[in-house]
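Enquirer: My structure file final-v9.txt, compact mmCIF, C-alpha atoms (C1' of nucleotides), is below:
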```txt
# COMPACT_ATOMS: atom_id res chain seq x y z
CA MET A 1 3.17 -11.36 -3.79
CA ALA A 2 1.57 -14.02 -5.90
CA VAL A 3 0.76 -11.85 -8.91
CA SER A 4 0.55 -8.07 -9.14
CA LYS A 5 -2.94 -6.62 -9.51
CA VAL A 6 -1.69 -3.15 -10.37
CA ALA A 7 -2.86 -3.40 -13.98
CA GLU A 8 -6.46 -3.61 -12.83
CA PHE A 9 -6.53 0.03 -11.74
CA THR A 10 -6.99 3.15 -13.86
CA GLN A 11 -4.05 4.63 -15.76
CA GLU A 12 -4.46 7.83 -13.77
CA ASP A 13 -4.21 6.09 -10.40
CA ILE A 14 -1.28 3.99 -11.62
CA TRP A 15 0.60 7.07 -12.79
CA MET A 16 -0.02 8.93 -9.55
CA ALA A 17 1.11 5.92 -7.51
CA ASP A 18 4.19 5.62 -9.70
CA ILE A 19 5.18 9.23 -9.07
CA ALA A 20 4.58 8.70 -5.36
CA LYS A 21 6.77 5.61 -5.48
CA ALA A 22 9.59 7.62 -7.03
CA LEU A 23 9.27 10.09 -4.15
CA SER A 24 9.02 7.38 -1.50
CA HIS A 25 12.65 7.40 -0.35
CA PRO A 26 14.27 10.33 1.48
CA ALA A 27 17.38 9.99 -0.68
CA ARG A 28 15.31 10.71 -3.77
CA ILE A 29 13.57 13.69 -2.16
CA ARG A 30 17.04 14.96 -1.23
CA ILE A 31 18.36 14.36 -4.75
CA LEU A 32 15.61 16.49 -6.27
CA LYS A 33 16.49 19.30 -3.87
CA ILE A 34 20.20 18.98 -4.60
CA LEU A 35 19.59 19.07 -8.34
CA THR A 36 17.69 22.34 -7.95
CA GLU A 37 20.09 23.94 -5.48
CA MET A 38 23.21 23.19 -7.52
CA ASN A 39 24.10 24.55 -10.91
CA ILE A 40 26.40 21.72 -11.86
CA CYS A 41 24.81 18.42 -11.12
CA MET A 42 26.99 15.40 -11.77
CA CYS A 43 26.31 12.09 -10.15
CA GLY A 44 29.53 12.51 -8.16
CA ASP A 45 28.31 15.77 -6.62
CA ILE A 46 25.19 14.02 -5.41
CA VAL A 47 27.13 11.07 -4.02
CA GLU A 48 29.24 13.51 -1.98
CA GLN A 49 26.16 14.93 -0.31
CA LEU A 50 24.48 11.64 0.53
CA PRO A 51 25.42 8.91 3.00
CA LEU A 52 25.22 6.33 0.23
CA ALA A 53 27.60 4.54 -2.11
CA GLN A 54 27.89 5.55 -5.75
CA ALA A 55 26.13 2.41 -6.95
CA THR A 56 23.19 3.09 -4.67
CA VAL A 57 22.88 6.72 -5.75
CA SER A 58 22.98 5.59 -9.37
CA GLN A 59 20.07 3.26 -8.61
CA HIS A 60 18.05 6.07 -7.02
CA LEU A 61 18.75 8.28 -10.05
CA LYS A 62 17.52 5.47 -12.27
CA GLU A 63 14.22 5.34 -10.36
CA LEU A 64 13.76 9.11 -10.76
CA LYS A 65 14.61 8.82 -14.45
CA ARG A 66 12.09 5.98 -14.85
CA VAL A 67 9.20 8.35 -14.17
CA VAL A 68 11.00 11.23 -15.92
CA LEU A 69 11.17 13.42 -12.82
CA ILE A 70 14.79 13.98 -13.81
CA GLN A 71 16.88 13.56 -16.91
CA GLY A 72 20.58 13.12 -17.56
CA GLU A 73 22.67 14.56 -20.33
CA ILE A 74 25.93 12.83 -21.17
CA GLU A 75 28.91 15.18 -21.28
CA GLY A 76 31.96 13.11 -22.02
CA PRO A 77 32.58 10.80 -19.10
CA LYS A 78 30.27 12.87 -16.90
CA VAL A 79 26.49 12.96 -16.80
CA CYS A 80 24.76 16.22 -16.00
CA TYR A 81 21.45 15.66 -14.26
CA CYS A 82 18.58 18.06 -13.90
CA VAL A 83 14.95 17.99 -12.85
CA ASN A 84 12.28 17.77 -15.54
CA ASP A 85 9.98 20.72 -15.01
CA LYS A 86 7.31 19.36 -17.30
CA THR A 87 6.87 16.18 -15.26
CA LEU A 88 7.10 18.12 -12.00
CA GLN A 89 4.35 20.43 -13.17
CA LYS A 90 2.15 17.55 -14.21
CA ALA A 91 2.82 15.80 -10.90
CA LYS A 92 1.94 18.93 -8.96
CA LYS A 93 -1.25 19.38 -10.96
CA GLU A 94 -2.34 15.77 -10.51
CA LEU A 95 -1.51 15.79 -6.82
CA ASP A 96 -3.50 18.99 -6.35
CA LYS A 97 -6.38 17.32 -8.15
CA LEU A 98 -6.12 14.24 -5.94
CA PHE A 99 -6.01 16.28 -2.76
CA SER A 100 -8.97 18.40 -3.79
CA GLN A 101 -10.93 15.22 -4.53
CA VAL A 102 -9.95 13.57 -1.30
CA CYS A 103 -9.83 16.33 1.27
CA ASN A 104 -12.94 17.93 2.80
CA CYS A 105 -11.28 21.29 3.22
CA MET B 1 19.42 -4.06 1.66
CA ALA B 2 22.20 -4.63 4.11
CA VAL B 3 21.12 -1.96 6.58
CA SER B 4 18.71 0.91 6.06
CA LYS B 5 20.24 4.38 5.80
CA VAL B 6 16.91 6.15 6.06
CA ALA B 7 17.64 7.50 9.55
CA GLU B 8 20.52 9.56 8.17
CA PHE B 9 18.18 11.96 6.38
CA THR B 10 16.23 14.89 7.81
CA GLN B 11 12.93 14.31 9.60
CA GLU B 12 11.22 16.47 7.02
CA ASP B 13 12.48 14.42 4.08
CA ILE B 14 11.69 11.17 5.89
CA TRP B 15 8.13 12.30 6.59
CA MET B 16 7.57 13.41 3.02
CA ALA B 17 8.95 10.12 1.68
CA ASP B 18 6.74 8.24 4.12
CA ILE B 19 3.60 9.99 2.89
CA ALA B 20 4.69 9.29 -0.69
CA LYS B 21 5.21 5.64 0.20
CA ALA B 22 1.67 5.43 1.55
CA LEU B 23 0.44 6.84 -1.78
CA SER B 24 2.67 4.57 -3.86
CA HIS B 25 0.11 1.89 -4.70
CA PRO B 26 -2.92 2.50 -6.93
CA ALA B 27 -5.14 0.57 -4.51
CA ARG B 28 -4.34 3.10 -1.79
CA ILE B 29 -5.00 6.07 -4.08
CA ARG B 30 -8.32 4.43 -4.97
CA ILE B 31 -9.14 3.80 -1.30
CA LEU B 32 -8.70 7.48 -0.46
CA LYS B 33 -11.06 8.41 -3.28
CA ILE B 34 -13.62 5.79 -2.22
CA LEU B 35 -13.52 7.01 1.38
CA THR B 36 -14.31 10.54 0.21
CA GLU B 37 -16.96 9.56 -2.32
CA MET B 38 -18.88 7.32 0.05
CA ASN B 39 -20.70 8.39 3.16
CA ILE B 40 -20.55 5.03 4.85
CA CYS B 41 -17.08 3.61 4.65
CA MET B 42 -16.73 0.11 6.02
CA CYS B 43 -13.88 -2.11 5.03
CA GLY B 44 -16.33 -4.40 3.24
CA ASP B 45 -17.54 -1.58 1.01
CA ILE B 46 -13.99 -0.93 -0.08
CA VAL B 47 -13.28 -4.61 -0.70
CA GLU B 48 -16.32 -4.73 -3.00
CA GLN B 49 -14.91 -1.95 -5.15
CA LEU B 50 -11.39 -3.30 -5.46
CA PRO B 51 -10.02 -6.36 -7.28
CA LEU B 52 -8.33 -7.52 -4.09
CA ALA B 53 -9.03 -9.94 -1.27
CA GLN B 54 -10.21 -8.69 2.13
CA ALA B 55 -6.90 -9.49 3.79
CA THR B 56 -5.03 -7.45 1.18
CA VAL B 57 -7.34 -4.46 1.51
CA SER B 58 -6.93 -4.61 5.27
CA GLN B 59 -3.17 -4.45 4.78
CA HIS B 60 -3.48 -1.41 2.51
CA LEU B 61 -5.72 0.29 5.09
CA LYS B 62 -3.08 -0.41 7.72
CA GLU B 63 -0.44 1.34 5.62
CA LEU B 64 -2.68 4.41 5.23
CA LYS B 65 -3.40 4.35 8.97
CA ARG B 66 0.34 4.12 9.71
CA VAL B 67 0.89 7.63 8.36
CA VAL B 68 -2.52 8.79 9.66
CA LEU B 69 -3.88 9.62 6.21
CA ILE B 70 -6.98 7.74 7.34
CA GLN B 71 -8.45 6.66 10.63
CA GLY B 72 -10.92 3.97 11.64
CA GLU B 73 -13.63 4.14 14.22
CA ILE B 74 -14.91 0.87 15.63
CA GLU B 75 -18.71 0.58 15.50
CA GLY B 76 -19.65 -2.79 16.83
CA PRO B 77 -18.30 -5.44 14.49
CA LYS B 78 -17.81 -2.84 11.77
CA VAL B 79 -15.07 -0.28 11.38
CA CYS B 80 -15.95 3.05 9.85
CA TYR B 81 -13.00 4.52 8.00
CA CYS B 82 -12.52 8.09 6.94
CA VAL B 83 -9.74 10.29 5.63
CA ASN B 84 -7.84 12.47 8.09
CA ASP B 85 -8.14 16.02 6.80
CA LYS B 86 -5.44 17.32 9.12
CA THR B 87 -2.81 14.98 7.71
CA LEU B 88 -4.02 15.54 4.17
CA GLN B 89 -3.70 19.29 4.64
CA LYS B 90 -0.21 18.94 6.05
CA ALA B 91 0.76 16.61 3.20
CA LYS B 92 -0.59 19.05 0.62
CA LYS B 93 1.29 21.92 2.24
CA GLU B 94 4.57 20.02 2.43
CA LEU B 95 4.22 18.74 -1.13
CA ASP B 96 3.55 22.27 -2.36
CA LYS B 97 6.66 23.39 -0.51
CA LEU B 98 8.72 20.61 -2.04
CA PHE B 99 7.50 21.37 -5.54
CA SER B 100 8.15 25.07 -5.16
CA GLN B 101 11.68 24.28 -3.98
CA VAL B 102 12.31 21.82 -6.73
CA CYS B 103 10.53 23.18 -9.76
CA ASN B 104 11.80 26.11 -11.81
CA CYS B 105 8.35 27.23 -12.79
C1' DT C 1 -25.46 -19.24 23.70
C1' DT C 2 -25.02 -20.18 19.11
C1' DT C 3 -24.70 -18.08 14.87
C1' DC C 4 -23.49 -14.56 11.61
C1' DA C 5 -21.06 -10.60 10.00
C1' DT C 6 -17.08 -7.85 10.01
C1' DC C 7 -12.42 -7.09 9.99
C1' DA C 8 -7.53 -7.81 11.86
C1' DT C 9 -3.81 -10.81 12.08
C1' DC C 10 -0.98 -14.96 11.05
C1' DG C 11 1.51 -17.72 7.95
C1' DT C 12 3.31 -18.13 3.61
C1' DA C 13 4.90 -17.40 -1.20
C1' DT C 14 6.82 -14.40 -4.34
C1' DA C 15 8.28 -9.87 -6.07
C1' DT C 16 10.53 -5.72 -5.39
C1' DT C 17 13.54 -2.45 -3.05
C1' DT C 18 17.63 -1.04 -0.86
C1' DA C 19 22.45 -1.28 -0.34
C1' DC C 20 27.15 -2.16 -1.68
C1' DG C 21 31.56 -4.00 -3.79
C1' DA C 22 33.34 -5.20 -8.13
C1' DT C 23 33.37 -4.72 -12.84
C1' DT C 24 32.56 -2.54 -17.17
C1' DA C 25 32.10 1.16 -20.49
C1' DA C 26 33.07 5.61 -22.19
C1' DC C 27 35.74 9.39 -22.70
C1' DG C 28 39.49 12.97 -21.89
C1' DA C 29 44.14 13.77 -21.03
C1' DT C 30 48.86 12.51 -21.02
C1' DA D 1 48.23 3.47 -26.17
C1' DT D 2 47.80 3.94 -21.32
C1' DC D 3 45.84 6.12 -17.40
C1' DG D 4 42.49 8.39 -14.57
C1' DT D 5 37.75 9.88 -13.95
C1' DT D 6 32.98 9.21 -14.14
C1' DA D 7 28.96 6.68 -13.86
C1' DA D 8 26.15 2.52 -15.24
C1' DT D 9 25.50 -2.24 -14.55
C1' DC D 10 26.16 -6.91 -12.47
C1' DG D 11 25.91 -9.94 -8.71
C1' DT D 12 24.45 -10.60 -4.28
C1' DA D 13 22.40 -10.20 0.41
C1' DA D 14 18.92 -8.71 3.25
C1' DA D 15 14.74 -6.10 4.13
C1' DT D 16 10.05 -4.83 2.64
C1' DA D 17 5.94 -5.04 0.03
C1' DT D 18 2.17 -7.39 -2.13
C1' DA D 19 -1.20 -10.89 -2.23
C1' DC D 20 -4.12 -14.44 -0.33
C1' DG D 21 -6.24 -18.32 2.44
C1' DA D 22 -7.01 -19.52 7.03
C1' DT D 23 -7.77 -18.34 11.52
C1' DG D 24 -9.09 -15.42 15.37
C1' DA D 25 -11.52 -11.83 17.79
C1' DT D 26 -15.42 -8.94 18.48
C1' DG D 27 -19.98 -7.77 18.89
C1' DA D 28 -24.88 -7.98 17.00
C1' DA D 29 -28.74 -10.79 16.31
C1' DA D 30 -31.34 -14.96 16.69
```
Kindly return the structure encoded in the file as structure tokens.

Expert:
Amino acid sequence: MAVSKVAEFTQEDIWMADIAKALSHPARIRILKILTEMNICMCGDIVEQLPLAQATVSQHLKELKRVVLIQGEIEGPKVCYCVNDKTLQKAKKELDKLFSQVCNC
Amino acid sequence: MAVSKVAEFTQEDIWMADIAKALSHPARIRILKILTEMNICMCGDIVEQLPLAQATVSQHLKELKRVVLIQGEIEGPKVCYCVNDKTLQKAKKELDKLFSQVCNC
DNA sequence: TTTCATCATCGTATATTTACGATTAACGAT
DNA sequence: ATCGTTAATCGTAAATATACGATGATGAAA
């Protein structure tokens, strides 16, 4: 694109779109589910369960971290990932709000 | 990317990611709101309310149509757009399901 | 039938995303 | 100190997304 026009929208719409972007790849949906299903949650565990290389999974984790849907805690050479309930709750609330605004039901 | 790996995920995760992708630009969030707020909903009306050229808005509408979050009805030279409540309801339901699976709250 | 209005599509430029191998960094264990 | 494990980052290639001007198609109105 020539130049992004994203900044010309409201902060609310930008945030919502940003959360949606983080959820816009099936690998990242899957990662969120894996993080909840499993107790231990190292990057390696996730790589095992996805048809993707370690570098690619690391990139997807980075995107989820960017919007704070997940967070990682360094434990020696390992990193223990988990979902961030606060952001998830806010996302759910804002999505509910959007859908109630937008749906005639 | 070399080759997309999207097909290797479940249909459910792919659908959810696809809906999220459609919502992943603030212009498209805004368009959904405009379509609900306004009674008449021509493409031109939307263009007026966005800081984007007509061709760009048309592209965003196409992306929303792709996942059937909206639909357009041709009325002479005009096209009357409206949100698709059925898809919105399904999206809300699936998102709720995802969040309940993924959030410890 | 010519003109106008409306909107999709084409062509194009640039930015971003997806994917991976290779490398690097950080730490624990030997 | 060296080695193995873990995961981030770099470099790169290819696919997609974003943005717009120009053009095309369609139908209403003159």

Enquirer: Can you work out which one of A:Ile46, A:Leu61, A:Cys80, A:Ile70 has the shortest atom-to-atom distance to chain B, counting all atoms listed in the file?

Expert: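 Among the listed residues, the smallest separation from chain B belongs to A:Ile70.
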
Enquirer: Mind listing as a ChimeraX atom specification which residues of chain B are within 12 Å of chain C, counting only C-alpha atoms (C1' of nucleotides)?

Expert: /B:1-6,42-47,54-59,61-62,72,74-81

Enquirer: With C-alpha atoms retained, export the selected residues as a CSV table (one decimal), in the coordinates of the input.

Expert:
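After the write, out38.csv holds the following:
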```csv
chain,number,residue,atom,x,y,z
B,1,MET,CA,19.4,-4.1,1.7
B,2,ALA,CA,22.2,-4.6,4.1
B,3,VAL,CA,21.1,-2.0,6.6
B,4,SER,CA,18.7,0.9,6.1
B,5,LYS,CA,20.2,4.4,5.8
B,6,VAL,CA,16.9,6.2,6.1
B,42,MET,CA,-16.7,0.1,6.0
B,43,CYS,CA,-13.9,-2.1,5.0
B,44,GLY,CA,-16.3,-4.4,3.2
B,45,ASP,CA,-17.5,-1.6,1.0
B,46,ILE,CA,-14.0,-0.9,-0.1
B,47,VAL,CA,-13.3,-4.6,-0.7
B,54,GLN,CA,-10.2,-8.7,2.1
B,55,ALA,CA,-6.9,-9.5,3.8
B,56,THR,CA,-5.0,-7.4,1.2
B,57,VAL,CA,-7.3,-4.5,1.5
B,58,SER,CA,-6.9,-4.6,5.3
B,59,GLN,CA,-3.2,-4.4,4.8
B,61,LEU,CA,-5.7,0.3,5.1
B,62,LYS,CA,-3.1,-0.4,7.7
B,72,GLY,CA,-10.9,4.0,11.6
B,74,ILE,CA,-14.9,0.9,15.6
B,75,GLU,CA,-18.7,0.6,15.5
B,76,GLY,CA,-19.6,-2.8,16.8
B,77,PRO,CA,-18.3,-5.4,14.5
B,78,LYS,CA,-17.8,-2.8,11.8
B,79,VAL,CA,-15.1,-0.3,11.4
B,80,CYS,CA,-16.0,3.0,9.8
B,81,TYR,CA,-13.0,4.5,8.0
```

Enquirer: Could you state the separation of CA of Val83 in chain B and CA of Lys33 in chain B in Å, given to one decimal place?

Expert: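 CA of Lys33 in chain B lies at a distance of 9.2 Å from CA of Val83 in chain B.
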
Enquirer: If we count only C-alpha atoms (C1' of nucleotides), which residues of chain D reach to within 9 Å of chain B? Please list them as a list in words.

Expert: DA13, DA14, DA15, DT18, DA19, DC20, DG21, DT26, DG27 and DA28 of chain D

Enquirer: May I ask for the distance between CA of Lys21 in chain A and CA of Ala91 in chain B, given in Å to one decimal place?

Expert: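 Rounded to one decimal, the two atoms are 15.2 Å apart.
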
Enquirer: What does the structure give for the distance between CA of Ala17 in chain A and CA of Leu32 in chain B, in Å to one decimal?

Expert: 12.2 Å

Enquirer: For chain A against chain B, which residues fall within 8 Å using only C-alpha atoms, given as number ranges by chain?

Expert: A: 5-6, 8-9, 13-14, 16-21, 23-27, 29-30, 32-33, 35-36, 51-52, 83, 85, 88-89, 92, 96, 99, 101-105

Enquirer: My structure is short of atoms at range 74-85 of chain A; please model all heavy atoms there, returning them as an mmCIF file, in the coordinates of the input.

Expert:
```cif
data_model
loop_
_atom_site.group_PDB
_atom_site.id
_atom_site.type_symbol
_atom_site.label_atom_id
_atom_site.label_comp_id
_atom_site.auth_asym_id
_atom_site.auth_seq_id
_atom_site.Cartn_x
_atom_site.Cartn_y
_atom_site.Cartn_z
ATOM 1 N N ILE A 74 24.555 13.316 -21.188
ATOM 2 C CA ILE A 74 25.930 12.830 -21.170
ATOM 3 C C ILE A 74 26.866 13.897 -21.692
ATOM 4 O O ILE A 74 26.652 14.468 -22.761
ATOM 5 C CB ILE A 74 26.040 11.532 -22.018
ATOM 6 C CG1 ILE A 74 25.207 10.418 -21.368
ATOM 7 C CG2 ILE A 74 27.496 11.116 -22.150
ATOM 8 C CD1 ILE A 74 24.930 9.252 -22.273
ATOM 9 N N GLU A 75 27.903 14.185 -20.896
ATOM 10 C CA GLU A 75 28.910 15.180 -21.280
ATOM 11 C C GLU A 75 30.272 14.548 -21.110
ATOM 12 O O GLU A 75 30.882 14.678 -20.048
ATOM 13 C CB GLU A 75 28.794 16.422 -20.397
ATOM 14 C CG GLU A 75 27.601 17.289 -20.746
ATOM 15 C CD GLU A 75 27.634 18.621 -20.001
ATOM 16 O OE1 GLU A 75 28.644 18.885 -19.307
ATOM 17 O OE2 GLU A 75 26.648 19.368 -20.111
ATOM 18 N N GLY A 76 30.721 13.867 -22.134
ATOM 19 C CA GLY A 76 31.960 13.110 -22.020
ATOM 20 C C GLY A 76 31.773 12.002 -21.015
ATOM 21 O O GLY A 76 30.757 11.306 -21.063
ATOM 22 N N PRO A 77 32.714 11.866 -20.088
ATOM 23 C CA PRO A 77 32.580 10.800 -19.100
ATOM 24 C C PRO A 77 31.579 11.156 -18.001
ATOM 25 O O PRO A 77 31.160 10.310 -17.246
ATOM 26 C CB PRO A 77 33.989 10.673 -18.523
ATOM 27 C CG PRO A 77 34.602 12.011 -18.739
ATOM 28 C CD PRO A 77 33.956 12.619 -19.934
ATOM 29 N N LYS A 78 31.193 12.414 -17.927
ATOM 30 C CA LYS A 78 30.270 12.870 -16.900
ATOM 31 C C LYS A 78 28.824 12.806 -17.402
ATOM 32 O O LYS A 78 28.568 12.734 -18.591
ATOM 33 C CB LYS A 78 30.598 14.317 -16.505
ATOM 34 C CG LYS A 78 32.029 14.520 -16.056
ATOM 35 C CD LYS A 78 32.293 15.968 -15.743
ATOM 36 C CE LYS A 78 33.761 16.192 -15.395
ATOM 37 N NZ LYS A 78 34.051 17.599 -15.070
ATOM 38 N N VAL A 79 27.903 12.852 -16.452
ATOM 39 C CA VAL A 79 26.490 12.960 -16.800
ATOM 40 C C VAL A 79 25.911 14.101 -15.980
ATOM 41 O O VAL A 79 26.026 14.127 -14.767
ATOM 42 C CB VAL A 79 25.725 11.666 -16.485
ATOM 43 C CG1 VAL A 79 24.244 11.853 -16.767
ATOM 44 C CG2 VAL A 79 26.270 10.504 -17.301
ATOM 45 N N CYS A 80 25.348 15.089 -16.687
ATOM 46 C CA CYS A 80 24.760 16.220 -16.000
ATOM 47 C C CYS A 80 23.267 16.003 -15.827
ATOM 48 O O CYS A 80 22.526 15.903 -16.798
ATOM 49 C CB CYS A 80 25.007 17.496 -16.812
ATOM 50 S SG CYS A 80 24.386 18.958 -15.996
ATOM 51 N N TYR A 81 22.868 15.908 -14.568
ATOM 52 C CA TYR A 81 21.450 15.660 -14.260
ATOM 53 C C TYR A 81 20.708 16.949 -13.980
ATOM 54 O O TYR A 81 21.288 17.907 -13.462
ATOM 55 C CB TYR A 81 21.333 14.750 -13.034
ATOM 56 C CG TYR A 81 21.596 13.317 -13.367
ATOM 57 C CD1 TYR A 81 22.805 12.713 -13.054
ATOM 58 C CD2 TYR A 81 20.636 12.564 -14.031
ATOM 59 C CE1 TYR A 81 23.046 11.391 -13.378
ATOM 60 C CE2 TYR A 81 20.868 11.247 -14.364
ATOM 61 C CZ TYR A 81 22.076 10.672 -14.031
ATOM 62 O OH TYR A 81 22.311 9.373 -14.362
ATOM 63 N N CYS A 82 19.437 16.964 -14.319
ATOM 64 C CA CYS A 82 18.580 18.060 -13.900
ATOM 65 C C CYS A 82 17.139 17.597 -13.784
ATOM 66 O O CYS A 82 16.759 16.569 -14.349
ATOM 67 C CB CYS A 82 18.682 19.237 -14.875
ATOM 68 S SG CYS A 82 18.246 18.792 -16.545
ATOM 69 N N VAL A 83 16.352 18.338 -13.018
ATOM 70 C CA VAL A 83 14.950 17.990 -12.850
ATOM 71 C C VAL A 83 14.195 18.268 -14.158
ATOM 72 O O VAL A 83 14.602 19.114 -14.944
ATOM 73 C CB VAL A 83 14.292 18.784 -11.700
ATOM 74 C CG1 VAL A 83 14.944 18.440 -10.380
ATOM 75 C CG2 VAL A 83 14.350 20.279 -11.956
ATOM 76 N N ASN A 84 13.127 17.564 -14.370
ATOM 77 C CA ASN A 84 12.280 17.770 -15.540
ATOM 78 C C ASN A 84 11.047 18.556 -15.118
ATOM 79 O O ASN A 84 10.119 18.015 -14.509
ATOM 80 C CB ASN A 84 11.894 16.417 -16.149
ATOM 81 C CG ASN A 84 11.078 16.573 -17.414
ATOM 82 O OD1 ASN A 84 10.027 17.208 -17.396
ATOM 83 N ND2 ASN A 84 11.566 16.034 -18.504
ATOM 84 N N ASP A 85 11.057 19.838 -15.463
ATOM 85 C CA ASP A 85 9.980 20.720 -15.010
ATOM 86 C C ASP A 85 8.610 20.301 -15.522
ATOM 87 O O ASP A 85 7.607 20.460 -14.824
ATOM 88 C CB ASP A 85 10.269 22.163 -15.437
ATOM 89 C CG ASP A 85 11.361 22.788 -14.574
ATOM 90 O OD1 ASP A 85 11.592 22.280 -13.467
ATOM 91 O OD2 ASP A 85 11.968 23.780 -15.011
#
```
